[in-house]
>>> print(open('protein05.pdb').read())   # PDB, C-alpha atoms, pLDDT in the B column
ATOM      1  CA  MET A 337     113.986 119.785 116.274  1.00 36.00           C
ATOM      2  CA  LEU A 338     111.489 116.946 115.950  1.00 41.00           C
ATOM      3  CA  PHE A 339     112.664 113.631 117.371  1.00 43.00           C
ATOM      4  CA  TRP A 340     112.036 110.627 115.113  1.00 42.00           C
ATOM      5  CA  PRO A 341     112.345 107.134 116.636  1.00 50.00           C
ATOM      6  CA  ARG A 342     115.134 105.081 115.053  1.00 48.00           C
ATOM      7  CA  PRO A 343     112.858 102.861 112.870  1.00 47.00           C
ATOM      8  CA  ILE A 344     111.125 105.946 111.480  1.00 46.00           C
ATOM      9  CA  ARG A 345     114.462 107.659 110.740  1.00 44.00           C
ATOM     10  CA  ILE A 346     115.617 104.565 108.844  1.00 46.00           C
ATOM     11  CA  TRP A 347     112.299 104.350 106.978  1.00 46.00           C
ATOM     12  CA  ARG A 348     112.380 108.054 106.058  1.00 48.00           C
ATOM     13  CA  ARG A 349     115.875 107.682 104.603  1.00 48.00           C
ATOM     14  CA  SER A 350     114.650 104.733 102.520  1.00 50.00           C
ATOM     15  CA  LEU A 351     111.900 106.758 100.861  1.00 51.00           C
ATOM     16  CA  PRO A 352     112.805 107.498  97.274  1.00 52.00           C
ATOM     17  CA  PRO A 353     113.283 111.186  96.630  1.00 49.00           C
ATOM     18  CA  GLY A 354     110.502 111.130  94.056  1.00 54.00           C
ATOM     19  CA  LYS A 355     110.679 111.975  90.420  1.00 58.00           C
ATOM     20  CA  GLY A 356     109.703 115.589  90.791  1.00 74.00           C
ATOM     21  CA  ASP A 357     106.112 114.594  90.035  1.00 83.00           C
ATOM     22  CA  GLY A 358     105.222 113.442  93.562  1.00 86.00           C
ATOM     23  CA  SER A 359     105.267 109.734  92.768  1.00 85.00           C
ATOM     24  CA  TRP A 360     107.113 106.837  94.291  1.00 86.00           C
ATOM     25  CA  GLU A 361     108.838 105.031  91.423  1.00 86.00           C
ATOM     26  CA  ASN A 362     106.165 106.239  88.952  1.00 86.00           C
ATOM     27  CA  SER A 363     103.811 103.651  90.471  1.00 92.00           C
ATOM     28  CA  VAL A 364     100.201 104.464  91.283  1.00 95.00           C
ATOM     29  CA  PHE A 365      99.969 101.657  93.838  1.00 95.00           C
ATOM     30  CA  ALA A 366     103.259 102.527  95.590  1.00 94.00           C
ATOM     31  CA  THR A 367     102.408 106.241  95.603  1.00 95.00           C
ATOM     32  CA  ALA A 368      98.909 105.629  96.946  1.00 96.00           C
ATOM     33  CA  LEU A 369     100.030 103.217  99.649  1.00 95.00           C
ATOM     34  CA  ALA A 370     102.991 105.386 100.721  1.00 94.00           C
ATOM     35  CA  SER A 371     100.819 108.513 100.830  1.00 95.00           C
ATOM     36  CA  TYR A 372      98.134 106.685 102.808  1.00 95.00           C
ATOM     37  CA  ALA A 373     100.716 105.328 105.266  1.00 94.00           C
ATOM     38  CA  LEU A 374     102.282 108.762 105.744  1.00 93.00           C
ATOM     39  CA  LEU A 375      98.882 110.337 106.407  1.00 94.00           C
ATOM     40  CA  GLU A 376      97.733 107.475 108.657  1.00 91.00           C
ATOM     41  CA  THR A 377     100.850 107.708 110.825  1.00 91.00           C
ATOM     42  CA  GLY A 378     100.978 111.504 110.844  1.00 87.00           C
ATOM     43  CA  PHE A 379     104.479 111.706 109.376  1.00 77.00           C
ATOM     44  CA  GLU A 380     105.597 113.695 106.359  1.00 73.00           C
ATOM     45  CA  TYR A 381     102.316 115.431 105.570  1.00 82.00           C
ATOM     46  CA  SER A 382     103.838 117.560 102.811  1.00 87.00           C
ATOM     47  CA  ARG A 383     105.359 114.501 101.084  1.00 90.00           C
ATOM     48  CA  ALA A 384     102.014 112.702 101.283  1.00 92.00           C
ATOM     49  CA  GLN A 385     100.317 115.704  99.692  1.00 92.00           C
ATOM     50  CA  GLN A 386     102.771 115.525  96.787  1.00 93.00           C
ATOM     51  CA  GLY A 387     101.746 111.901  96.314  1.00 94.00           C
ATOM     52  CA  LEU A 388      98.059 112.825  96.397  1.00 95.00           C
ATOM     53  CA  SER A 389      98.625 115.504  93.768  1.00 94.00           C
ATOM     54  CA  TYR A 390     100.308 112.902  91.565  1.00 95.00           C
ATOM     55  CA  LEU A 391      97.344 110.553  92.043  1.00 96.00           C
ATOM     56  CA  ARG A 392      94.815 113.207  91.118  1.00 94.00           C
ATOM     57  CA  LEU A 393      96.689 113.805  87.867  1.00 94.00           C
ATOM     58  CA  LYS A 394      96.894 110.089  87.068  1.00 95.00           C
ATOM     59  CA  GLN A 395      93.234 109.173  87.425  1.00 97.00           C
ATOM     60  CA  ASN A 396      92.036 107.445  84.258  1.00 97.00           C
ATOM     61  CA  ALA A 397      88.967 108.524  82.299  1.00 97.00           C
ATOM     62  CA  ASP A 398      87.005 105.521  83.645  1.00 98.00           C
ATOM     63  CA  GLY A 399      87.493 106.816  87.216  1.00 98.00           C
ATOM     64  CA  GLY A 400      90.103 104.239  88.191  1.00 98.00           C
ATOM     65  CA  TRP A 401      93.864 104.151  88.453  1.00 97.00           C
ATOM     66  CA  GLY A 402      96.553 101.980  86.899  1.00 95.00           C
ATOM     67  CA  GLU A 403      99.561 102.425  84.684  1.00 91.00           C
ATOM     68  CA  GLU A 404      98.267 100.180  81.899  1.00 92.00           C
ATOM     69  CA  GLY A 405      94.563 100.471  82.501  1.00 95.00           C
ATOM     70  CA  SER A 406      92.634 100.778  85.715  1.00 97.00           C
ATOM     71  CA  THR A 407      92.669  97.991  88.280  1.00 97.00           C
ATOM     72  CA  VAL A 408      90.616  97.421  91.420  1.00 97.00           C
ATOM     73  CA  PRO A 409      93.637  97.320  93.801  1.00 97.00           C
ATOM     74  CA  ASN A 410      95.208 100.502  92.354  1.00 97.00           C
ATOM     75  CA  THR A 411      91.891 102.322  92.422  1.00 98.00           C
ATOM     76  CA  SER A 412      91.060 101.153  95.937  1.00 98.00           C
ATOM     77  CA  VAL A 413      94.378 102.208  97.459  1.00 97.00           C
ATOM     78  CA  ALA A 414      94.318 105.537  95.588  1.00 98.00           C
ATOM     79  CA  LEU A 415      90.804 106.144  96.916  1.00 98.00           C
ATOM     80  CA  LEU A 416      91.925 105.289 100.471  1.00 97.00           C
ATOM     81  CA  ALA A 417      94.796 107.770 100.189  1.00 97.00           C
ATOM     82  CA  LEU A 418      92.661 110.568  98.746  1.00 97.00           C
ATOM     83  CA  VAL A 419      89.965 110.138 101.391  1.00 96.00           C
ATOM     84  CA  LYS A 420      92.583 110.042 104.157  1.00 95.00           C
ATOM     85  CA  GLY A 421      94.016 113.246 102.663  1.00 95.00           C
ATOM     86  CA  GLY A 422      90.626 114.946 102.950  1.00 94.00           C
ATOM     87  CA  PHE A 423      89.711 114.902  99.279  1.00 91.00           C
ATOM     88  CA  THR A 424      86.051 114.721  98.303  1.00 90.00           C
ATOM     89  CA  GLY A 425      84.191 115.480  95.130  1.00 91.00           C
ATOM     90  CA  ASP A 426      84.635 114.381  91.561  1.00 94.00           C
ATOM     91  CA  SER A 427      87.792 112.237  91.871  1.00 94.00           C
ATOM     92  CA  VAL A 428      86.370 110.314  94.814  1.00 96.00           C
ATOM     93  CA  GLU A 429      82.947 109.889  93.204  1.00 96.00           C
ATOM     94  CA  LYS A 430      84.473 108.610  89.958  1.00 97.00           C
ATOM     95  CA  ALA A 431      86.615 106.114  91.883  1.00 97.00           C
ATOM     96  CA  VAL A 432      83.635 104.818  93.866  1.00 96.00           C
ATOM     97  CA  ASN A 433      81.627 104.427  90.658  1.00 96.00           C
ATOM     98  CA  TYR A 434      84.532 102.598  89.001  1.00 97.00           C
ATOM     99  CA  LEU A 435      84.703 100.116  91.905  1.00 96.00           C
ATOM    100  CA  LEU A 436      80.957  99.552  91.968  1.00 95.00           C
ATOM    101  CA  ARG A 437      80.888  98.925  88.200  1.00 96.00           C
ATOM    102  CA  ARG A 438      83.649  96.305  88.510  1.00 96.00           C
ATOM    103  CA  ARG A 439      81.961  94.307  91.264  1.00 94.00           C
ATOM    104  CA  GLY A 440      80.186  91.112  90.315  1.00 92.00           C
ATOM    105  CA  GLY A 441      76.652  90.367  91.429  1.00 90.00           C
ATOM    106  CA  ASP A 442      77.963  88.083  94.158  1.00 90.00           C
ATOM    107  CA  GLY A 443      80.143  90.859  95.625  1.00 90.00           C
ATOM    108  CA  ASP A 444      83.335  89.583  93.993  1.00 93.00           C
ATOM    109  CA  TRP A 445      85.918  91.828  92.351  1.00 95.00           C
ATOM    110  CA  GLY A 446      87.808  88.864  90.898  1.00 95.00           C
ATOM    111  CA  ASN A 447      90.013  87.714  93.766  1.00 96.00           C
ATOM    112  CA  ASN A 448      90.353  88.166  97.508  1.00 96.00           C
ATOM    113  CA  ILE A 449      93.104  90.785  97.247  1.00 96.00           C
ATOM    114  CA  SER A 450      90.905  92.975  95.053  1.00 96.00           C
ATOM    115  CA  ASN A 451      87.915  92.221  97.284  1.00 96.00           C
ATOM    116  CA  ALA A 452      89.760  93.298 100.424  1.00 96.00           C
ATOM    117  CA  TRP A 453      91.182  96.515  98.981  1.00 97.00           C
ATOM    118  CA  ALA A 454      87.790  97.444  97.480  1.00 96.00           C
ATOM    119  CA  LEU A 455      85.998  96.747 100.746  1.00 95.00           C
ATOM    120  CA  LEU A 456      88.478  98.901 102.697  1.00 95.00           C
ATOM    121  CA  ALA A 457      88.119 101.751 100.197  1.00 96.00           C
ATOM    122  CA  LEU A 458      84.346 101.664 100.049  1.00 95.00           C
ATOM    123  CA  GLN A 459      84.139 101.586 103.833  1.00 93.00           C
ATOM    124  CA  ALA A 460      86.379 104.661 103.972  1.00 94.00           C
ATOM    125  CA  VAL A 461      83.817 106.628 101.959  1.00 94.00           C
ATOM    126  CA  GLY A 462      80.844 105.214 103.864  1.00 90.00           C
ATOM    127  CA  GLN A 463      79.654 103.069 100.981  1.00 81.00           C
ATOM    128  CA  GLY A 464      77.351 100.481 102.520  1.00 67.00           C
ATOM    129  CA  GLU A 465      76.953  98.083  99.602  1.00 74.00           C
ATOM    130  CA  ILE A 466      79.544  95.615 100.855  1.00 81.00           C
ATOM    131  CA  ASP A 467      77.504  92.891 102.561  1.00 89.00           C
ATOM    132  CA  LYS A 468      77.716  90.525  99.574  1.00 90.00           C
ATOM    133  CA  THR A 469      81.520  90.535  99.723  1.00 92.00           C
ATOM    134  CA  VAL A 470      81.404  89.683 103.424  1.00 91.00           C
ATOM    135  CA  GLN A 471      78.949  86.852 102.679  1.00 91.00           C
ATOM    136  CA  LEU A 472      81.287  85.616  99.947  1.00 92.00           C
ATOM    137  CA  TRP A 473      84.176  85.458 102.431  1.00 93.00           C
ATOM    138  CA  GLU A 474      81.982  83.675 104.977  1.00 92.00           C
ATOM    139  CA  SER A 475      81.179  80.994 102.417  1.00 92.00           C
ATOM    140  CA  THR A 476      84.719  80.585 101.089  1.00 92.00           C
ATOM    141  CA  ILE A 477      86.840  80.526 104.237  1.00 94.00           C
ATOM    142  CA  ASN A 478      89.103  77.493 104.218  1.00 95.00           C
ATOM    143  CA  ILE A 479      89.109  74.719 106.827  1.00 96.00           C
ATOM    144  CA  ASP A 480      92.327  76.185 108.295  1.00 97.00           C
ATOM    145  CA  LYS A 481      90.416  79.496 108.799  1.00 96.00           C
ATOM    146  CA  GLY A 482      92.353  81.406 106.137  1.00 96.00           C
ATOM    147  CA  TRP A 483      91.707  82.583 102.594  1.00 96.00           C
ATOM    148  CA  GLY A 484      93.569  82.067  99.349  1.00 96.00           C
ATOM    149  CA  ILE A 485      93.800  84.520  96.519  1.00 96.00           C
ATOM    150  CA  TYR A 486      90.762  82.849  94.939  1.00 95.00           C
ATOM    151  CA  ALA A 487      87.844  81.128  96.649  1.00 88.00           C
ATOM    152  CA  LYS A 488      88.768  77.699  97.959  1.00 85.00           C
ATOM    153  CA  THR A 489      92.436  77.937  96.982  1.00 96.00           C
ATOM    154  CA  GLU A 490      95.232  77.299  99.466  1.00 97.00           C
ATOM    155  CA  SER A 491      95.272  79.810 102.310  1.00 97.00           C
ATOM    156  CA  ASP A 492      97.883  82.519 102.064  1.00 96.00           C
ATOM    157  CA  PRO A 493      99.116  84.689 104.984  1.00 97.00           C
ATOM    158  CA  PHE A 494      99.124  87.941 102.983  1.00 96.00           C
ATOM    159  CA  VAL A 495      95.645  87.374 101.571  1.00 96.00           C
ATOM    160  CA  SER A 496      94.291  86.195 104.922  1.00 97.00           C
ATOM    161  CA  ALA A 497      95.754  89.230 106.707  1.00 96.00           C
ATOM    162  CA  LEU A 498      94.229  91.620 104.170  1.00 96.00           C
ATOM    163  CA  VAL A 499      90.815  89.915 104.309  1.00 96.00           C
ATOM    164  CA  THR A 500      90.906  89.863 108.123  1.00 96.00           C
ATOM    165  CA  LEU A 501      91.775  93.567 108.197  1.00 95.00           C
ATOM    166  CA  ALA A 502      88.901  94.397 105.826  1.00 94.00           C
ATOM    167  CA  LEU A 503      86.471  92.275 107.852  1.00 94.00           C
ATOM    168  CA  GLN A 504      87.644  93.873 111.090  1.00 92.00           C
ATOM    169  CA  LYS A 505      86.996  97.335 109.632  1.00 89.00           C
ATOM    170  CA  TYR A 506      83.538  96.093 108.589  1.00 90.00           C
ATOM    171  CA  ASP A 507      82.600  94.599 111.978  1.00 89.00           C
ATOM    172  CA  LYS A 508      85.125  93.928 114.752  1.00 91.00           C
ATOM    173  CA  SER A 509      82.849  91.296 116.265  1.00 92.00           C
ATOM    174  CA  HIS A 510      82.248  89.395 113.024  1.00 92.00           C
ATOM    175  CA  PRO A 511      83.009  85.670 113.602  1.00 93.00           C
ATOM    176  CA  ALA A 512      85.250  85.527 110.514  1.00 93.00           C
ATOM    177  CA  VAL A 513      87.598  88.085 112.119  1.00 94.00           C
ATOM    178  CA  ALA A 514      88.355  85.658 114.958  1.00 94.00           C
ATOM    179  CA  LYS A 515      88.834  82.851 112.435  1.00 95.00           C
ATOM    180  CA  GLY A 516      91.221  84.941 110.329  1.00 95.00           C
ATOM    181  CA  LEU A 517      93.196  85.928 113.423  1.00 96.00           C
ATOM    182  CA  SER A 518      93.373  82.285 114.441  1.00 95.00           C
ATOM    183  CA  TYR A 519      94.857  81.399 111.044  1.00 95.00           C
ATOM    184  CA  LEU A 520      97.388  84.239 111.252  1.00 95.00           C
ATOM    185  CA  GLN A 521      98.515  83.235 114.747  1.00 95.00           C
ATOM    186  CA  LYS A 522      99.583  79.730 113.676  1.00 87.00           C
TER     187      LYS A 522
END
>>> encode(input="protein05.pdb", output="structure tokens")
Amino acid sequence: MLFWPRPIRIWRRSLPPGKGDGSWENSVFATALASYALLETGFEYSRAQQGLSYLRLKQNADGGWGEEGSTVPNTSVALLALVKGGFTGDSVEKAVNYLLRRRGGDGDWGNNISNAWALLALQAVGQGEIDKTVQLWESTINIDKGWGIYAKTESDPFVSALVTLALQKYDKSHPAVAKGLSYLQK
């Protein structure tokens, strides 16, 4: 019998049983993030695979994911999950193309949450066209060393944590990583 530490046992019991289609609450984002987390931690591989199967069926014609039209965060997290699950090929290529089409010329996907998820996803597939997003974050970091959802808006812990994580995956020694960590440690 496999021993599960107490927090993992509690977490496993809290997982919804699914709808028979592999999803978590019929949500692309929840299914993608849960599948990614399960694969990243090494727990529940078969349940994660059910989630990945659901995602592959729910990819929109434009290459993205979303219940009411594709969005950058849904597509990014779905791409992260599929790549972590070992998927390559058409689904991954369509998702990468969707993300690249949605990016503005200045490297912006509309807000810092979308920017961070997109950067994490593109890094996972080895896509190197992310320098403009990093430059955007360098130029829009707030005086308190955090980021808001939009450039130069009030810093937010969730947004700052996500941006810092994406920057750290980009370059651990990047000066903005230390700034973001400084903000988060306040």
>>> atom_distance(input="protein05.pdb", atom1="CA of Asn362 (chain A)", atom2="CA of Leu458 (chain A)")
24.9 Å
>>> atom_distance(input="protein05.pdb", atom1="CA of Ser412 (chain A)", atom2="CA of Ala368 (chain A)")
9.1 Å
>>> closest_residue(input="protein05.pdb", among="A:Gly400, A:Leu436, A:Gly378, A:Ala454", to="Lys420 (chain A)", atoms="all atoms listed in the file")
A:Gly378
>>> resolve_selection(input="protein05.pdb", expression="the PyMOL selection byres ((chain A and resi 450-452) around 10)", output="PDB file with C-alpha atoms, in the frame of the given file")
ATOM      1  CA  THR A 407      92.669  97.991  88.280  1.00 97.00           C
ATOM      2  CA  VAL A 408      90.616  97.421  91.420  1.00 97.00           C
ATOM      3  CA  PRO A 409      93.637  97.320  93.801  1.00 97.00           C
ATOM      4  CA  ASN A 410      95.208 100.502  92.354  1.00 97.00           C
ATOM      5  CA  THR A 411      91.891 102.322  92.422  1.00 98.00           C
ATOM      6  CA  SER A 412      91.060 101.153  95.937  1.00 98.00           C
ATOM      7  CA  LEU A 435      84.703 100.116  91.905  1.00 96.00           C
ATOM      8  CA  ARG A 439      81.961  94.307  91.264  1.00 94.00           C
ATOM      9  CA  GLY A 443      80.143  90.859  95.625  1.00 90.00           C
ATOM     10  CA  ASP A 444      83.335  89.583  93.993  1.00 93.00           C
ATOM     11  CA  TRP A 445      85.918  91.828  92.351  1.00 95.00           C
ATOM     12  CA  GLY A 446      87.808  88.864  90.898  1.00 95.00           C
ATOM     13  CA  ASN A 447      90.013  87.714  93.766  1.00 96.00           C
ATOM     14  CA  ASN A 448      90.353  88.166  97.508  1.00 96.00           C
ATOM     15  CA  ILE A 449      93.104  90.785  97.247  1.00 96.00           C
ATOM     16  CA  TRP A 453      91.182  96.515  98.981  1.00 97.00           C
ATOM     17  CA  ALA A 454      87.790  97.444  97.480  1.00 96.00           C
ATOM     18  CA  LEU A 455      85.998  96.747 100.746  1.00 95.00           C
ATOM     19  CA  LEU A 456      88.478  98.901 102.697  1.00 95.00           C
ATOM     20  CA  ALA A 457      88.119 101.751 100.197  1.00 96.00           C
ATOM     21  CA  LEU A 458      84.346 101.664 100.049  1.00 95.00           C
ATOM     22  CA  ILE A 466      79.544  95.615 100.855  1.00 81.00           C
ATOM     23  CA  THR A 469      81.520  90.535  99.723  1.00 92.00           C
ATOM     24  CA  VAL A 470      81.404  89.683 103.424  1.00 91.00           C
ATOM     25  CA  LEU A 472      81.287  85.616  99.947  1.00 92.00           C
ATOM     26  CA  TRP A 473      84.176  85.458 102.431  1.00 93.00           C
ATOM     27  CA  ILE A 485      93.800  84.520  96.519  1.00 96.00           C
ATOM     28  CA  VAL A 495      95.645  87.374 101.571  1.00 96.00           C
ATOM     29  CA  SER A 496      94.291  86.195 104.922  1.00 97.00           C
ATOM     30  CA  ALA A 497      95.754  89.230 106.707  1.00 96.00           C
ATOM     31  CA  LEU A 498      94.229  91.620 104.170  1.00 96.00           C
ATOM     32  CA  VAL A 499      90.815  89.915 104.309  1.00 96.00           C
ATOM     33  CA  THR A 500      90.906  89.863 108.123  1.00 96.00           C
ATOM     34  CA  LEU A 501      91.775  93.567 108.197  1.00 95.00           C
ATOM     35  CA  ALA A 502      88.901  94.397 105.826  1.00 94.00           C
ATOM     36  CA  LEU A 503      86.471  92.275 107.852  1.00 94.00           C
TER      37      LEU A 503
END
>>> resolve_selection(input="protein05.pdb", expression="the PyMOL selection byres ((chain A and resi 392) around 12)", output="JSON list (two decimals) with C-alpha atoms, in the coordinates of the input")
[["chain", "number", "residue", "atom", "x", "y", "z"],
["A", 357, "ASP", "CA", 106.11, 114.59, 90.04],
["A", 358, "GLY", "CA", 105.22, 113.44, 93.56],
["A", 359, "SER", "CA", 105.27, 109.73, 92.77],
["A", 364, "VAL", "CA", 100.20, 104.46, 91.28],
["A", 367, "THR", "CA", 102.41, 106.24, 95.60],
["A", 368, "ALA", "CA", 98.91, 105.63, 96.95],
["A", 385, "GLN", "CA", 100.32, 115.70, 99.69],
["A", 386, "GLN", "CA", 102.77, 115.52, 96.79],
["A", 387, "GLY", "CA", 101.75, 111.90, 96.31],
["A", 388, "LEU", "CA", 98.06, 112.82, 96.40],
["A", 389, "SER", "CA", 98.62, 115.50, 93.77],
["A", 390, "TYR", "CA", 100.31, 112.90, 91.56],
["A", 391, "LEU", "CA", 97.34, 110.55, 92.04],
["A", 393, "LEU", "CA", 96.69, 113.80, 87.87],
["A", 394, "LYS", "CA", 96.89, 110.09, 87.07],
["A", 395, "GLN", "CA", 93.23, 109.17, 87.42],
["A", 396, "ASN", "CA", 92.04, 107.44, 84.26],
["A", 397, "ALA", "CA", 88.97, 108.52, 82.30],
["A", 399, "GLY", "CA", 87.49, 106.82, 87.22],
["A", 400, "GLY", "CA", 90.10, 104.24, 88.19],
["A", 401, "TRP", "CA", 93.86, 104.15, 88.45],
["A", 411, "THR", "CA", 91.89, 102.32, 92.42],
["A", 414, "ALA", "CA", 94.32, 105.54, 95.59],
["A", 415, "LEU", "CA", 90.80, 106.14, 96.92],
["A", 417, "ALA", "CA", 94.80, 107.77, 100.19],
["A", 418, "LEU", "CA", 92.66, 110.57, 98.75],
["A", 419, "VAL", "CA", 89.96, 110.14, 101.39],
["A", 421, "GLY", "CA", 94.02, 113.25, 102.66],
["A", 423, "PHE", "CA", 89.71, 114.90, 99.28],
["A", 424, "THR", "CA", 86.05, 114.72, 98.30],
["A", 425, "GLY", "CA", 84.19, 115.48, 95.13],
["A", 426, "ASP", "CA", 84.64, 114.38, 91.56],
["A", 427, "SER", "CA", 87.79, 112.24, 91.87],
["A", 428, "VAL", "CA", 86.37, 110.31, 94.81],
["A", 430, "LYS", "CA", 84.47, 108.61, 89.96],
["A", 431, "ALA", "CA", 86.62, 106.11, 91.88]]
>>> atom_distance(input="protein05.pdb", atom1="CA of Gly484 (chain A)", atom2="CA of Lys468 (chain A)")
18.0 Å
>>> axis_aligned_box(input="protein05.pdb", around="region 415-425 of chain A", padding_each_side="8 Å", output="JSON")
{"center_x": 89.5, "center_y": 110.4, "center_z": 99.6, "size_x": 26.6, "size_y": 26.2, "size_z": 25.0}
>>> closest_residue(input="protein05.pdb", among="A:Ile477, A:Val432, A:Ala460, A:Leu374", to="Ala514 (chain A)", atoms="only C-alpha atoms")
A:Ile477
>>> closest_residue(input="protein05.pdb", among="A:Asp492, A:Glu429, A:Glu404, A:Glu465", to="Asn478 (chain A)", atoms="all atoms listed in the file")
A:Asp492
>>> resolve_selection(input="protein05.pdb", expression="the PyMOL selection byres ((chain A and resi 515) around 9)", output="tab-separated table (two decimals) with C-alpha atoms, in the coordinates of the input")
chain	number	residue	atom	x	y	z
A	477	ILE	CA	86.84	80.53	104.24
A	480	ASP	CA	92.33	76.18	108.30
A	481	LYS	CA	90.42	79.50	108.80
A	482	GLY	CA	92.35	81.41	106.14
A	500	THR	CA	90.91	89.86	108.12
A	511	PRO	CA	83.01	85.67	113.60
A	512	ALA	CA	85.25	85.53	110.51
A	513	VAL	CA	87.60	88.08	112.12
A	514	ALA	CA	88.36	85.66	114.96
A	516	GLY	CA	91.22	84.94	110.33
A	517	LEU	CA	93.20	85.93	113.42
A	518	SER	CA	93.37	82.28	114.44
A	519	TYR	CA	94.86	81.40	111.04
A	520	LEU	CA	97.39	84.24	111.25
